[in-house]
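Below is one structure, written out as structure tokens; the observations come after it.
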Amino acid sequence: METSYDRDFAMSLPDTPRWVETRSLLLSGEGEIFGVDETTGKLNFIVCSPTQKLICVVGYPNQKAVEKAVTTVGEESTIIAAPESSNYITQVLPNWRSQLAWLHTLPDSCKLPEVPPGKVRLLSADEIGNLKHLPPELQTELAIASDASPIAATIADGVPVSFCYAAQTETLWDISIGTLAEYRNRGYAALCVAYMVKYMHQKGKQPIWGAEESNLPSMKLAAKLGFIPVDRLILLHQ
């Protein structure tokens with residue numbers, strides 16, 4: 001449950017693409033906060049989620065706080081940091097691999113595909129709990145995501161095969177996509193994204209597409225759908 005403490009930290013950051021994951025985690029009330037430090041005149045802290053395996057770094061929190069967050073979340077986590085913090089974080093965690101990620105916005109939806117009626121829909125809670133045809137990791141991912149987001153799914157051969165959900169702030173949502181391997185490169189993810197963009201637009205929220213620079217399929221799909229890069233982050237993995 002969100003607390004005023006979490007909201008205060010969220011309000012210290014602008015509602016911009018760079019902070020969508022961090023602010024979503026704070027606004028959800030799920031995040032654990034470590035290493036709060038305002039002695040430099042700027043707010044430095046970490047918010048992390050063991051459930052989502054996510055660590056978000058704001059500014060330059062002290063080394064002990066970084067290490068505590070990694071211990072809390074586990075070494076399979078993803079660490080997100082702004083580019084200006086990247087040198088500091090890589091020095092604190094020298095054995096972690098860093099990768100540039102591009103953040104994209106959608107200035108015009110004209111390149112999104114038309115979604116045929118009934119091809120994509122929101123899944124019910126019962127359906128999300130009964131996706132036995134999915135790999136266990138994807139089942140778990142969707143179950144966790146469904147606590148905070150609607151799950152849109154593209155239907156093929158009578159079953160959901162591609163999924164889209166959202167980490168949300170007041171005005172933005174971060175696109176997450178998962179597609180069964182045998183149904184990739186067939187346009188199903190694009191249909192799912194197009195459906196979710198329209199759904200979230202009705203709620204007054206604009207999409208953000210984040211993709212690691214090395215993830216060429218994601219980068220290409222973003223460009224194909226009309227997304228343009230507007231900012232960068234650094235992602236670290238063990």
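We name chains A, B, ... following the order of the structure tokens; residues begin at 1 in each chain, and ligands are numbered from 1 as shown.
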
Could you name the residues that touch A:Arg121 at 7 Å or less, counting only C-alpha atoms, but leaving out those on the same chain fewer than 3 positions away, as a list in words?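 Residues near the query, excluding close chain neighbours: Gly118, Ala152, Ala153 and Thr154 of chain A.
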
Can you write out the residues you just picked, keeping N, CA, C and O atoms, as a PDB file, in the first residue's frame?
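As written to disk, again_2.pdb reads:
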```
ATOM      1  N   GLY A 118     -11.918  -8.214 -31.522  1.00  0.00           N
ATOM      2  CA  GLY A 118     -11.778  -9.498 -30.856  1.00  0.00           C
ATOM      3  C   GLY A 118     -10.388 -10.101 -30.906  1.00  0.00           C
ATOM      4  O   GLY A 118     -10.134 -11.134 -30.263  1.00  0.00           O
ATOM      5  N   ALA A 152      -3.248  -6.880 -21.368  1.00  0.00           N
ATOM      6  CA  ALA A 152      -3.843  -7.066 -22.690  1.00  0.00           C
ATOM      7  C   ALA A 152      -3.181  -8.264 -23.352  1.00  0.00           C
ATOM      8  O   ALA A 152      -1.985  -8.506 -23.170  1.00  0.00           O
ATOM      9  N   ALA A 153      -3.958  -9.019 -24.130  1.00  0.00           N
ATOM     10  CA  ALA A 153      -3.415 -10.217 -24.787  1.00  0.00           C
ATOM     11  C   ALA A 153      -3.937 -10.318 -26.210  1.00  0.00           C
ATOM     12  O   ALA A 153      -5.125 -10.070 -26.472  1.00  0.00           O
ATOM     13  N   THR A 154      -3.039 -10.676 -27.134  1.00  0.00           N
ATOM     14  CA  THR A 154      -3.428 -10.997 -28.500  1.00  0.00           C
ATOM     15  C   THR A 154      -3.782 -12.479 -28.557  1.00  0.00           C
ATOM     16  O   THR A 154      -3.053 -13.316 -28.020  1.00  0.00           O
TER      17      THR A 154
END
```

Quick one: pick out all helix (DSSP H, G or I) residues within stretch 4-235 of chain A from a backbone DSSP run and write them as a PDB file with N, CA and C atoms, in the first residue's frame.
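selection14.pdb, freshly written:
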```pdb
ATOM      1  N   SER A   4       2.394   8.049   2.472  1.00  0.00           N
ATOM      2  CA  SER A   4       2.751   9.438   2.178  1.00  0.00           C
ATOM      3  C   SER A   4       4.257   9.566   2.005  1.00  0.00           C
ATOM      4  N   TYR A   5       5.011   8.707   2.707  1.00  0.00           N
ATOM      5  CA  TYR A   5       6.471   8.694   2.592  1.00  0.00           C
ATOM      6  C   TYR A   5       6.882   8.354   1.164  1.00  0.00           C
ATOM      7  N   ASP A   6       6.276   7.295   0.610  1.00  0.00           N
ATOM      8  CA  ASP A   6       6.567   6.914  -0.769  1.00  0.00           C
ATOM      9  C   ASP A   6       6.178   8.026  -1.730  1.00  0.00           C
ATOM     10  N   ARG A   7       4.998   8.614  -1.533  1.00  0.00           N
ATOM     11  CA  ARG A   7       4.527   9.661  -2.435  1.00  0.00           C
ATOM     12  C   ARG A   7       5.440  10.882  -2.381  1.00  0.00           C
ATOM     13  N   ASP A   8       5.940  11.218  -1.202  1.00  0.00           N
ATOM     14  CA  ASP A   8       6.869  12.352  -1.085  1.00  0.00           C
ATOM     15  C   ASP A   8       8.110  12.114  -1.941  1.00  0.00           C
ATOM     16  N   PHE A   9       8.624  10.895  -1.918  1.00  0.00           N
ATOM     17  CA  PHE A   9       9.794  10.588  -2.730  1.00  0.00           C
ATOM     18  C   PHE A   9       9.445  10.624  -4.213  1.00  0.00           C
ATOM     19  N   ALA A  10       8.271  10.121  -4.565  1.00  0.00           N
ATOM     20  CA  ALA A  10       7.841  10.173  -5.965  1.00  0.00           C
ATOM     21  C   ALA A  10       7.715  11.616  -6.435  1.00  0.00           C
ATOM     22  N   MET A  11       7.165  12.477  -5.572  1.00  0.00           N
ATOM     23  CA  MET A  11       6.968  13.875  -5.954  1.00  0.00           C
ATOM     24  C   MET A  11       8.282  14.636  -6.070  1.00  0.00           C
ATOM     25  N   PRO A  17       9.833  10.528 -18.834  1.00  0.00           N
ATOM     26  CA  PRO A  17      10.207   9.160 -19.217  1.00  0.00           C
ATOM     27  C   PRO A  17      11.338   8.564 -18.387  1.00  0.00           C
ATOM     28  N   ARG A  18      12.313   9.367 -18.021  1.00  0.00           N
ATOM     29  CA  ARG A  18      13.460   8.852 -17.280  1.00  0.00           C
ATOM     30  C   ARG A  18      13.070   8.214 -15.955  1.00  0.00           C
ATOM     31  N   TRP A  19      12.029   8.725 -15.330  1.00  0.00           N
ATOM     32  CA  TRP A  19      11.693   8.292 -13.977  1.00  0.00           C
ATOM     33  C   TRP A  19      10.438   7.445 -13.915  1.00  0.00           C
ATOM     34  N   VAL A  20       9.945   6.973 -15.057  1.00  0.00           N
ATOM     35  CA  VAL A  20       8.661   6.273 -15.044  1.00  0.00           C
ATOM     36  C   VAL A  20       8.711   5.001 -14.202  1.00  0.00           C
ATOM     37  N   GLU A  21       9.766   4.198 -14.322  1.00  0.00           N
ATOM     38  CA  GLU A  21       9.869   2.970 -13.527  1.00  0.00           C
ATOM     39  C   GLU A  21      10.039   3.293 -12.044  1.00  0.00           C
ATOM     40  N   THR A  22      10.897   4.258 -11.751  1.00  0.00           N
ATOM     41  CA  THR A  22      11.170   4.618 -10.357  1.00  0.00           C
ATOM     42  C   THR A  22       9.916   5.165  -9.683  1.00  0.00           C
ATOM     43  N   ARG A  23       9.246   6.100 -10.356  1.00  0.00           N
ATOM     44  CA  ARG A  23       8.064   6.711  -9.770  1.00  0.00           C
ATOM     45  C   ARG A  23       6.913   5.713  -9.668  1.00  0.00           C
ATOM     46  N   SER A  24       6.797   4.824 -10.660  1.00  0.00           N
ATOM     47  CA  SER A  24       5.756   3.796 -10.593  1.00  0.00           C
ATOM     48  C   SER A  24       5.949   2.911  -9.374  1.00  0.00           C
ATOM     49  N   LEU A  25       7.194   2.556  -9.112  1.00  0.00           N
ATOM     50  CA  LEU A  25       7.499   1.710  -7.961  1.00  0.00           C
ATOM     51  C   LEU A  25       7.167   2.429  -6.658  1.00  0.00           C
ATOM     52  N   LEU A  26       7.495   3.711  -6.579  1.00  0.00           N
ATOM     53  CA  LEU A  26       7.184   4.485  -5.382  1.00  0.00           C
ATOM     54  C   LEU A  26       5.678   4.678  -5.208  1.00  0.00           C
ATOM     55  N   LEU A  27       4.982   5.005  -6.297  1.00  0.00           N
ATOM     56  CA  LEU A  27       3.551   5.263  -6.209  1.00  0.00           C
ATOM     57  C   LEU A  27       2.754   3.996  -5.895  1.00  0.00           C
ATOM     58  N   SER A  28       3.300   2.839  -6.278  1.00  0.00           N
ATOM     59  CA  SER A  28       2.613   1.583  -5.976  1.00  0.00           C
ATOM     60  C   SER A  28       2.697   1.235  -4.496  1.00  0.00           C
ATOM     61  N   GLN A  63      27.559   3.542  -0.839  1.00  0.00           N
ATOM     62  CA  GLN A  63      27.867   2.182  -1.260  1.00  0.00           C
ATOM     63  C   GLN A  63      27.148   1.134  -0.419  1.00  0.00           C
ATOM     64  N   LYS A  64      27.046   1.354   0.883  1.00  0.00           N
ATOM     65  CA  LYS A  64      26.376   0.372   1.736  1.00  0.00           C
ATOM     66  C   LYS A  64      24.906   0.216   1.347  1.00  0.00           C
ATOM     67  N   ALA A  65      24.265   1.324   0.954  1.00  0.00           N
ATOM     68  CA  ALA A  65      22.867   1.261   0.546  1.00  0.00           C
ATOM     69  C   ALA A  65      22.720   0.469  -0.747  1.00  0.00           C
ATOM     70  N   VAL A  66      23.651   0.671  -1.677  1.00  0.00           N
ATOM     71  CA  VAL A  66      23.625  -0.078  -2.937  1.00  0.00           C
ATOM     72  C   VAL A  66      23.781  -1.566  -2.656  1.00  0.00           C
ATOM     73  N   GLU A  67      24.744  -1.899  -1.825  1.00  0.00           N
ATOM     74  CA  GLU A  67      25.002  -3.309  -1.505  1.00  0.00           C
ATOM     75  C   GLU A  67      23.823  -3.927  -0.759  1.00  0.00           C
ATOM     76  N   LYS A  68      23.168  -3.151   0.123  1.00  0.00           N
ATOM     77  CA  LYS A  68      22.002  -3.654   0.847  1.00  0.00           C
ATOM     78  C   LYS A  68      20.848  -3.930  -0.106  1.00  0.00           C
ATOM     79  N   ALA A  69      20.668  -3.056  -1.089  1.00  0.00           N
ATOM     80  CA  ALA A  69      19.600  -3.249  -2.075  1.00  0.00           C
ATOM     81  C   ALA A  69      19.840  -4.519  -2.879  1.00  0.00           C
ATOM     82  N   VAL A  70      21.085  -4.747  -3.296  1.00  0.00           N
ATOM     83  CA  VAL A  70      21.413  -5.956  -4.056  1.00  0.00           C
ATOM     84  C   VAL A  70      21.176  -7.197  -3.205  1.00  0.00           C
ATOM     85  N   THR A  71      21.550  -7.137  -1.943  1.00  0.00           N
ATOM     86  CA  THR A  71      21.327  -8.267  -1.044  1.00  0.00           C
ATOM     87  C   THR A  71      19.831  -8.528  -0.860  1.00  0.00           C
ATOM     88  N   THR A  72      19.058  -7.459  -0.749  1.00  0.00           N
ATOM     89  CA  THR A  72      17.610  -7.585  -0.544  1.00  0.00           C
ATOM     90  C   THR A  72      16.910  -8.161  -1.765  1.00  0.00           C
ATOM     91  N   VAL A  73      17.275  -7.684  -2.943  1.00  0.00           N
ATOM     92  CA  VAL A  73      16.588  -8.077  -4.173  1.00  0.00           C
ATOM     93  C   VAL A  73      17.184  -9.336  -4.780  1.00  0.00           C
ATOM     94  N   PRO A  83      22.201   8.231 -16.621  1.00  0.00           N
ATOM     95  CA  PRO A  83      23.565   8.214 -17.183  1.00  0.00           C
ATOM     96  C   PRO A  83      24.596   8.925 -16.312  1.00  0.00           C
ATOM     97  N   GLU A  84      24.196  10.035 -15.683  1.00  0.00           N
ATOM     98  CA  GLU A  84      25.167  10.770 -14.871  1.00  0.00           C
ATOM     99  C   GLU A  84      25.583  10.003 -13.615  1.00  0.00           C
ATOM    100  N   SER A  85      24.789   9.021 -13.203  1.00  0.00           N
ATOM    101  CA  SER A  85      25.147   8.196 -12.038  1.00  0.00           C
ATOM    102  C   SER A  85      25.885   6.925 -12.430  1.00  0.00           C
ATOM    103  N   SER A  86      26.013   6.656 -13.723  1.00  0.00           N
ATOM    104  CA  SER A  86      26.487   5.351 -14.172  1.00  0.00           C
ATOM    105  C   SER A  86      27.924   5.060 -13.759  1.00  0.00           C
ATOM    106  N   ASN A  87      28.817   6.057 -13.862  1.00  0.00           N
ATOM    107  CA  ASN A  87      30.207   5.809 -13.482  1.00  0.00           C
ATOM    108  C   ASN A  87      30.320   5.453 -12.007  1.00  0.00           C
ATOM    109  N   TYR A  88      29.549   6.142 -11.181  1.00  0.00           N
ATOM    110  CA  TYR A  88      29.574   5.860  -9.744  1.00  0.00           C
ATOM    111  C   TYR A  88      29.066   4.452  -9.458  1.00  0.00           C
ATOM    112  N   ILE A  89      27.940   4.076 -10.058  1.00  0.00           N
ATOM    113  CA  ILE A  89      27.352   2.766  -9.789  1.00  0.00           C
ATOM    114  C   ILE A  89      28.247   1.644 -10.300  1.00  0.00           C
ATOM    115  N   THR A  90      28.867   1.817 -11.446  1.00  0.00           N
ATOM    116  CA  THR A  90      29.757   0.773 -11.972  1.00  0.00           C
ATOM    117  C   THR A  90      31.016   0.636 -11.116  1.00  0.00           C
ATOM    118  N   GLN A  91      31.424   1.712 -10.452  1.00  0.00           N
ATOM    119  CA  GLN A  91      32.559   1.609  -9.529  1.00  0.00           C
ATOM    120  C   GLN A  91      32.161   0.860  -8.263  1.00  0.00           C
ATOM    121  N   VAL A  92      30.935   1.105  -7.795  1.00  0.00           N
ATOM    122  CA  VAL A  92      30.444   0.412  -6.604  1.00  0.00           C
ATOM    123  C   VAL A  92      30.215  -1.073  -6.898  1.00  0.00           C
ATOM    124  N   SER A 109       0.319   8.372 -33.272  1.00  0.00           N
ATOM    125  CA  SER A 109      -0.059   6.952 -33.287  1.00  0.00           C
ATOM    126  C   SER A 109      -0.415   6.433 -34.674  1.00  0.00           C
ATOM    127  N   CYS A 110      -0.119   7.211 -35.721  1.00  0.00           N
ATOM    128  CA  CYS A 110      -0.575   6.839 -37.063  1.00  0.00           C
ATOM    129  C   CYS A 110       0.087   5.565 -37.583  1.00  0.00           C
ATOM    130  N   LYS A 111       1.247   5.190 -37.040  1.00  0.00           N
ATOM    131  CA  LYS A 111       1.938   3.986 -37.504  1.00  0.00           C
ATOM    132  C   LYS A 111       1.508   2.721 -36.765  1.00  0.00           C
ATOM    133  N   ALA A 125      -8.929 -11.765 -14.195  1.00  0.00           N
ATOM    134  CA  ALA A 125      -8.051 -12.313 -13.153  1.00  0.00           C
ATOM    135  C   ALA A 125      -8.019 -13.839 -13.218  1.00  0.00           C
ATOM    136  N   ASP A 126      -9.171 -14.446 -13.488  1.00  0.00           N
ATOM    137  CA  ASP A 126      -9.223 -15.912 -13.585  1.00  0.00           C
ATOM    138  C   ASP A 126      -8.381 -16.416 -14.747  1.00  0.00           C
ATOM    139  N   GLU A 127      -8.426 -15.703 -15.879  1.00  0.00           N
ATOM    140  CA  GLU A 127      -7.627 -16.118 -17.037  1.00  0.00           C
ATOM    141  C   GLU A 127      -6.140 -15.996 -16.741  1.00  0.00           C
ATOM    142  N   ILE A 128      -5.745 -14.916 -16.094  1.00  0.00           N
ATOM    143  CA  ILE A 128      -4.327 -14.709 -15.787  1.00  0.00           C
ATOM    144  C   ILE A 128      -3.807 -15.822 -14.870  1.00  0.00           C
ATOM    145  N   PRO A 136       6.767 -21.098 -17.259  1.00  0.00           N
ATOM    146  CA  PRO A 136       6.578 -20.666 -15.865  1.00  0.00           C
ATOM    147  C   PRO A 136       7.043 -19.233 -15.598  1.00  0.00           C
ATOM    148  N   GLU A 137       8.168 -18.835 -16.199  1.00  0.00           N
ATOM    149  CA  GLU A 137       8.668 -17.486 -15.954  1.00  0.00           C
ATOM    150  C   GLU A 137       7.680 -16.431 -16.428  1.00  0.00           C
ATOM    151  N   LEU A 138       7.070 -16.642 -17.602  1.00  0.00           N
ATOM    152  CA  LEU A 138       6.105 -15.681 -18.122  1.00  0.00           C
ATOM    153  C   LEU A 138       4.818 -15.710 -17.297  1.00  0.00           C
ATOM    154  N   GLN A 139       4.408 -16.887 -16.847  1.00  0.00           N
ATOM    155  CA  GLN A 139       3.245 -16.970 -15.960  1.00  0.00           C
ATOM    156  C   GLN A 139       3.462 -16.129 -14.709  1.00  0.00           C
ATOM    157  N   THR A 140       4.638 -16.268 -14.104  1.00  0.00           N
ATOM    158  CA  THR A 140       4.954 -15.518 -12.886  1.00  0.00           C
ATOM    159  C   THR A 140       4.999 -14.027 -13.161  1.00  0.00           C
ATOM    160  N   GLU A 141       5.635 -13.647 -14.269  1.00  0.00           N
ATOM    161  CA  GLU A 141       5.749 -12.235 -14.638  1.00  0.00           C
ATOM    162  C   GLU A 141       4.371 -11.591 -14.769  1.00  0.00           C
ATOM    163  N   LEU A 142       3.459 -12.267 -15.452  1.00  0.00           N
ATOM    164  CA  LEU A 142       2.125 -11.712 -15.666  1.00  0.00           C
ATOM    165  C   LEU A 142       1.319 -11.683 -14.367  1.00  0.00           C
ATOM    166  N   ALA A 143       1.480 -12.693 -13.541  1.00  0.00           N
ATOM    167  CA  ALA A 143       0.773 -12.720 -12.256  1.00  0.00           C
ATOM    168  C   ALA A 143       1.203 -11.544 -11.379  1.00  0.00           C
ATOM    169  N   ILE A 144       2.494 -11.271 -11.347  1.00  0.00           N
ATOM    170  CA  ILE A 144       3.001 -10.138 -10.565  1.00  0.00           C
ATOM    171  C   ILE A 144       2.507  -8.825 -11.146  1.00  0.00           C
ATOM    172  N   ALA A 145       2.585  -8.699 -12.478  1.00  0.00           N
ATOM    173  CA  ALA A 145       2.174  -7.456 -13.131  1.00  0.00           C
ATOM    174  C   ALA A 145       0.694  -7.163 -12.936  1.00  0.00           C
ATOM    175  N   ALA A 181       7.517 -17.745 -27.845  1.00  0.00           N
ATOM    176  CA  ALA A 181       8.577 -17.807 -28.851  1.00  0.00           C
ATOM    177  C   ALA A 181       8.057 -18.201 -30.228  1.00  0.00           C
ATOM    178  N   GLU A 182       7.139 -19.168 -30.279  1.00  0.00           N
ATOM    179  CA  GLU A 182       6.663 -19.668 -31.572  1.00  0.00           C
ATOM    180  C   GLU A 182       5.719 -18.697 -32.277  1.00  0.00           C
ATOM    181  N   TYR A 183       5.340 -17.601 -31.593  1.00  0.00           N
ATOM    182  CA  TYR A 183       4.438 -16.619 -32.197  1.00  0.00           C
ATOM    183  C   TYR A 183       5.124 -15.269 -32.430  1.00  0.00           C
ATOM    184  N   TYR A 188       1.964 -10.005 -33.639  1.00  0.00           N
ATOM    185  CA  TYR A 188       1.080 -10.107 -32.480  1.00  0.00           C
ATOM    186  C   TYR A 188       1.431  -9.096 -31.383  1.00  0.00           C
ATOM    187  N   ALA A 189       2.722  -8.870 -31.171  1.00  0.00           N
ATOM    188  CA  ALA A 189       3.133  -7.894 -30.160  1.00  0.00           C
ATOM    189  C   ALA A 189       2.698  -6.488 -30.558  1.00  0.00           C
ATOM    190  N   ALA A 190       2.827  -6.158 -31.840  1.00  0.00           N
ATOM    191  CA  ALA A 190       2.423  -4.832 -32.318  1.00  0.00           C
ATOM    192  C   ALA A 190       0.932  -4.603 -32.100  1.00  0.00           C
ATOM    193  N   LEU A 191       0.115  -5.619 -32.362  1.00  0.00           N
ATOM    194  CA  LEU A 191      -1.318  -5.500 -32.127  1.00  0.00           C
ATOM    195  C   LEU A 191      -1.626  -5.280 -30.653  1.00  0.00           C
ATOM    196  N   CYS A 192      -0.908  -5.995 -29.802  1.00  0.00           N
ATOM    197  CA  CYS A 192      -1.127  -5.883 -28.361  1.00  0.00           C
ATOM    198  C   CYS A 192      -0.756  -4.486 -27.861  1.00  0.00           C
ATOM    199  N   VAL A 193       0.374  -3.975 -28.346  1.00  0.00           N
ATOM    200  CA  VAL A 193       0.799  -2.625 -27.974  1.00  0.00           C
ATOM    201  C   VAL A 193      -0.217  -1.597 -28.455  1.00  0.00           C
ATOM    202  N   ALA A 194      -0.665  -1.728 -29.709  1.00  0.00           N
ATOM    203  CA  ALA A 194      -1.630  -0.771 -30.266  1.00  0.00           C
ATOM    204  C   ALA A 194      -2.908  -0.733 -29.437  1.00  0.00           C
ATOM    205  N   TYR A 195      -3.384  -1.891 -29.038  1.00  0.00           N
ATOM    206  CA  TYR A 195      -4.587  -1.973 -28.205  1.00  0.00           C
ATOM    207  C   TYR A 195      -4.354  -1.263 -26.867  1.00  0.00           C
ATOM    208  N   MET A 196      -3.220  -1.552 -26.245  1.00  0.00           N
ATOM    209  CA  MET A 196      -2.942  -0.990 -24.921  1.00  0.00           C
ATOM    210  C   MET A 196      -2.705   0.515 -24.989  1.00  0.00           C
ATOM    211  N   VAL A 197      -2.080   0.986 -26.066  1.00  0.00           N
ATOM    212  CA  VAL A 197      -1.874   2.429 -26.230  1.00  0.00           C
ATOM    213  C   VAL A 197      -3.226   3.148 -26.238  1.00  0.00           C
ATOM    214  N   LYS A 198      -4.176   2.621 -26.997  1.00  0.00           N
ATOM    215  CA  LYS A 198      -5.507   3.226 -27.057  1.00  0.00           C
ATOM    216  C   LYS A 198      -6.205   3.150 -25.704  1.00  0.00           C
ATOM    217  N   TYR A 199      -6.103   2.005 -25.048  1.00  0.00           N
ATOM    218  CA  TYR A 199      -6.741   1.820 -23.744  1.00  0.00           C
ATOM    219  C   TYR A 199      -6.189   2.811 -22.725  1.00  0.00           C
ATOM    220  N   MET A 200      -4.860   2.943 -22.662  1.00  0.00           N
ATOM    221  CA  MET A 200      -4.246   3.830 -21.683  1.00  0.00           C
ATOM    222  C   MET A 200      -4.447   5.304 -22.065  1.00  0.00           C
ATOM    223  N   HIS A 201      -4.529   5.588 -23.364  1.00  0.00           N
ATOM    224  CA  HIS A 201      -4.793   6.963 -23.797  1.00  0.00           C
ATOM    225  C   HIS A 201      -6.128   7.448 -23.255  1.00  0.00           C
ATOM    226  N   LEU A 216      18.069  -5.370 -30.510  1.00  0.00           N
ATOM    227  CA  LEU A 216      17.718  -4.813 -31.818  1.00  0.00           C
ATOM    228  C   LEU A 216      16.263  -5.080 -32.209  1.00  0.00           C
ATOM    229  N   PRO A 217      15.696  -6.275 -31.941  1.00  0.00           N
ATOM    230  CA  PRO A 217      14.279  -6.466 -32.288  1.00  0.00           C
ATOM    231  C   PRO A 217      13.357  -5.450 -31.608  1.00  0.00           C
ATOM    232  N   SER A 218      13.620  -5.152 -30.328  1.00  0.00           N
ATOM    233  CA  SER A 218      12.788  -4.188 -29.612  1.00  0.00           C
ATOM    234  C   SER A 218      12.997  -2.783 -30.171  1.00  0.00           C
ATOM    235  N   MET A 219      14.241  -2.412 -30.447  1.00  0.00           N
ATOM    236  CA  MET A 219      14.533  -1.098 -31.013  1.00  0.00           C
ATOM    237  C   MET A 219      13.857  -0.928 -32.370  1.00  0.00           C
ATOM    238  N   LYS A 220      13.914  -1.976 -33.201  1.00  0.00           N
ATOM    239  CA  LYS A 220      13.314  -1.904 -34.539  1.00  0.00           C
ATOM    240  C   LYS A 220      11.796  -1.828 -34.470  1.00  0.00           C
ATOM    241  N   LEU A 221      11.202  -2.593 -33.543  1.00  0.00           N
ATOM    242  CA  LEU A 221       9.745  -2.568 -33.422  1.00  0.00           C
ATOM    243  C   LEU A 221       9.279  -1.203 -32.932  1.00  0.00           C
ATOM    244  N   ALA A 222      10.011  -0.623 -32.002  1.00  0.00           N
ATOM    245  CA  ALA A 222       9.661   0.714 -31.518  1.00  0.00           C
ATOM    246  C   ALA A 222       9.648   1.710 -32.676  1.00  0.00           C
ATOM    247  N   ALA A 223      10.684   1.686 -33.495  1.00  0.00           N
ATOM    248  CA  ALA A 223      10.758   2.604 -34.635  1.00  0.00           C
ATOM    249  C   ALA A 223       9.633   2.341 -35.629  1.00  0.00           C
ATOM    250  N   LYS A 224       9.351   1.066 -35.890  1.00  0.00           N
ATOM    251  CA  LYS A 224       8.299   0.697 -36.841  1.00  0.00           C
ATOM    252  C   LYS A 224       6.934   1.228 -36.402  1.00  0.00           C
TER     253      LYS A 224
END
```

Determine, counting only C-alpha atoms, which protein, DNA and RNA residues have an atom within 7 Å of an atom of A:Ser49; residues of the same chain fewer than 6 positions away are not included. Present the result as a PyMOL selection string. chain A and resi 30-32+55+73

Which of these, A:Gln206, A:Gln52, A:Asn95, A:Ser149, has the shortest distance to A:Glu170 once you count only C-alpha atoms? A:Gln206

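Comparing the minimum interatomic distances between A:Val47 and each of A:Gly210, A:Gly29, A:Pro107, A:Pro94, counting only C-alpha atoms, we find that A:Gly29 sits nearest.
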
Determine which residues of stretch 49-207 of chain A receive a DSSP assignment of strand (DSSP E or B), computed from the backbone, and state them as a PyMOL selection string. chain A and resi 49+54-58+78-81+97-105+120-122+152-156+159-168+172-179+206-207

Near A:Ala166, within 9 Å and counting only C-alpha atoms, which residues show up once chain neighbours fewer than 2 positions away are dropped, as a PyMOL selection string? chain A and resi 145+148-151+164+168+173-176+196+200+207

Using only C-alpha atoms, which of the listed residues (A:Lys119, A:Leu43, A:Gly178, A:Ile79) sits closest to A:Val159? A:Lys119

One-decimal distance in Å that lies between atom CA of A:Pro117 and atom CA of A:Lys203: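 Result for atom CA of A:Lys203 versus atom CA of A:Pro117: 20.6 Å, one decimal.
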
Calculated over only C-alpha atoms, which of the candidates A:Cys56, A:Leu112, A:Leu235, A:Ile46 has the smallest distance to A:Ser214?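 So, comparing all the options, the nearest one is A:Leu235.
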
Using only C-alpha atoms, pick whichever of A:Leu54, A:Leu131, A:Leu13, A:Ala82 has the shortest atom-to-atom distance to A:Leu103. A:Ala82
